[in-house]
Amino acid sequence: MDVIEELKAVRGRDIPYSRVLSSMCTVPHPVAAEAHSLFIETNLGDPGIFVGTMELEKKVISMLGRLLGNENAAGYISSGGTEANIQGIRAARNLKKVEKPNIVIPKSAHFSFEKIGDILGVEIRRAKLDENYCVDVSEVEKLVNDNTVALVGIAGTTELGQVDDIKELGRIAEEQDVFLHIDAAFGGLVLPFLDERIPFDFEVRAVSSITVDPHKMGMATIPAGGILFRDENFLKALEVETPYLTTRFQYTLTGTRPGTGVASTYAVLKHLGYDGMKRIVRECLRNTRALVEEMKTLGFEPVVEPVMNVVSFHARDAGRLKDELYRRRWVISTIREPEAIRMVIMPHVNEEMIKEFISDFRQMLIQLGYQS
């Protein structure tokens with residue numbers, strides 16, 4: 001067998017996005033795929049060679065910064081939200097310089113913060129959630145002490161799409177003189193396009209850094225995460241010397257770093273513009289509402305009314321439902337508290353796909369004895 005034919009066969013075993021209702025990634029926009037191919041050999045780990053790509057990255061960070069309340073933001077396109085979260089906390093730790101640093105995060109925070117505690121040697125303090133599954137601000141205040149270097153707020157929780165009260169977290173951060181990192185890996189390219197403004201970005205004065213992932217709702221090619229800082233001082237806190245490269249210092253976490261994420265992110269933002277991005281977000285929200293109504297007819301109520309295009313439904317035996325759907329080549333996910341099944345309505349999820357899923361789900365429920 002020809003190696004390409006072999007690869008096609010391997011790829012054919014993957015589940016197509018047309019059957020995936022759990023992923024926060026999606027099919028890249030066609031213009032992103034084309035841009036990716038143009039930059040496939042670039043390496044931003046040595047930017048003195050790829051001068052044009054480096055300049056393009058600066059434009060991308062400016063575009064994202066403008067969208068997130070600070071066109072003078074500093075940062076770079078990363079491998080994803082995990083790297084971005086590491087770098088946000090690493091910068092805070094390096095700048096605060098306390099002996100036994102800790103950070104205060106919501107219990108809803110992404111599992112990347114488990115890695116952060118391990119890699120950076122930072123104590124992770126978890127604040128409880130309120131009745132809306134947002135961080136309990138009073139709990140955050142109790143957990144802060146002299147060794148706290150940063151607070152973390154989530155703008156679009158992975159499980160429910162909820163947004164913490166970033167303004168209140170900002171108040172605490174200012175009072176306690178600590179940094180405030182916002183994990184908006186998903187929400188960063190959704191919240192700016194909602195009709196009702198939810199404060200979460202650099203417009204909140206205490207916000208020092210933001211994670212935002214263009215390879216999610218930005219429809220860039222994978223990998224294309226992002227870390228934005230309020231100013232360049234944070235990048236300087238991350239620098240190490242690179243004596244054998246074309247630049248003297250490097251502030252990124254990874255060394256070798258593809259320019260494809262930069263190019264594909266720029267292509268989508270430039271091609272669609274903010275108005276085009278808003279239309280796509282609105283369509284995802286419309287489909288989310290349609291899914292909620294269909295699920296209610298099957299007896300499934302949302303845990304909370306969705307703020308964005310992430311929604312979970314109360315379900316007994318959620319794990320069994322997920323497994324049975326997977327056998328039928330439908331991919332959803334589950335959450336543990338409360339027990340629920342979870343879905344993300346990305347740009348690849350259209351009305352026809354929702355109807356097909358609901359039809360198959362209804363038949364499965366009947367077969368399992370959930371419904372008559």
# chains A, B, ... in the order shown; residues from 1 in each chain; ligands from 1

$ closest_atom_pairs --of "region 342-371 of chain A" --to "region 15-22 of chain A" --cutoff "9 Å" --atoms "only C-alpha atoms" --output "Markdown table"
| residue | atom | partner | partner_atom | distance |
| --- | --- | --- | --- | --- |
| A:Arg342 | CA | A:Ser22 | CA | 6.8 |
| A:Met343 | CA | A:Ser22 | CA | 4.9 |
| A:Val344 | CA | A:Ser22 | CA | 5.3 |
| A:Ile345 | CA | A:Leu21 | CA | 6.6 |
| A:Met346 | CA | A:Leu21 | CA | 7.9 |
| A:His348 | CA | A:Ser18 | CA | 6.8 |
| A:Val349 | CA | A:Ser18 | CA | 7.0 |
| A:Asn350 | CA | A:Ser18 | CA | 8.9 |
| A:Met353 | CA | A:Ser18 | CA | 6.9 |
| A:Phe357 | CA | A:Arg19 | CA | 8.2 |

$ residues_around --residues "region 196-203 of chain A" --least-positions-apart "4" --cutoff "12 Å" --atoms "only C-alpha atoms" --output "number ranges by chain"
A: 64-74, 152-156, 162-170, 180-185, 187-192, 207-212, 228-231, 307-308

$ atom_distance --atom1 "CA of His29 (chain A)" --atom2 "CA of Met219 (chain A)"
5.4 Å

$ closest_residue --among "A:Gly259, A:Gly276, A:Pro28, A:Gly226" --to "Gly88 (chain A)" --atoms "only C-alpha atoms"
A:Gly226

$ atom_distance --atom1 "CA of Thr158 (chain A)" --atom2 "CA of Pro306 (chain A)"
12.1 Å

$ select_by_dssp --residues "region 33-250 of chain A" --states "alpha helix (DSSP H)" --output "ChimeraX atom specification"
/A:33-38,51-67,81-96,112-120,137-143,166-176,232-236
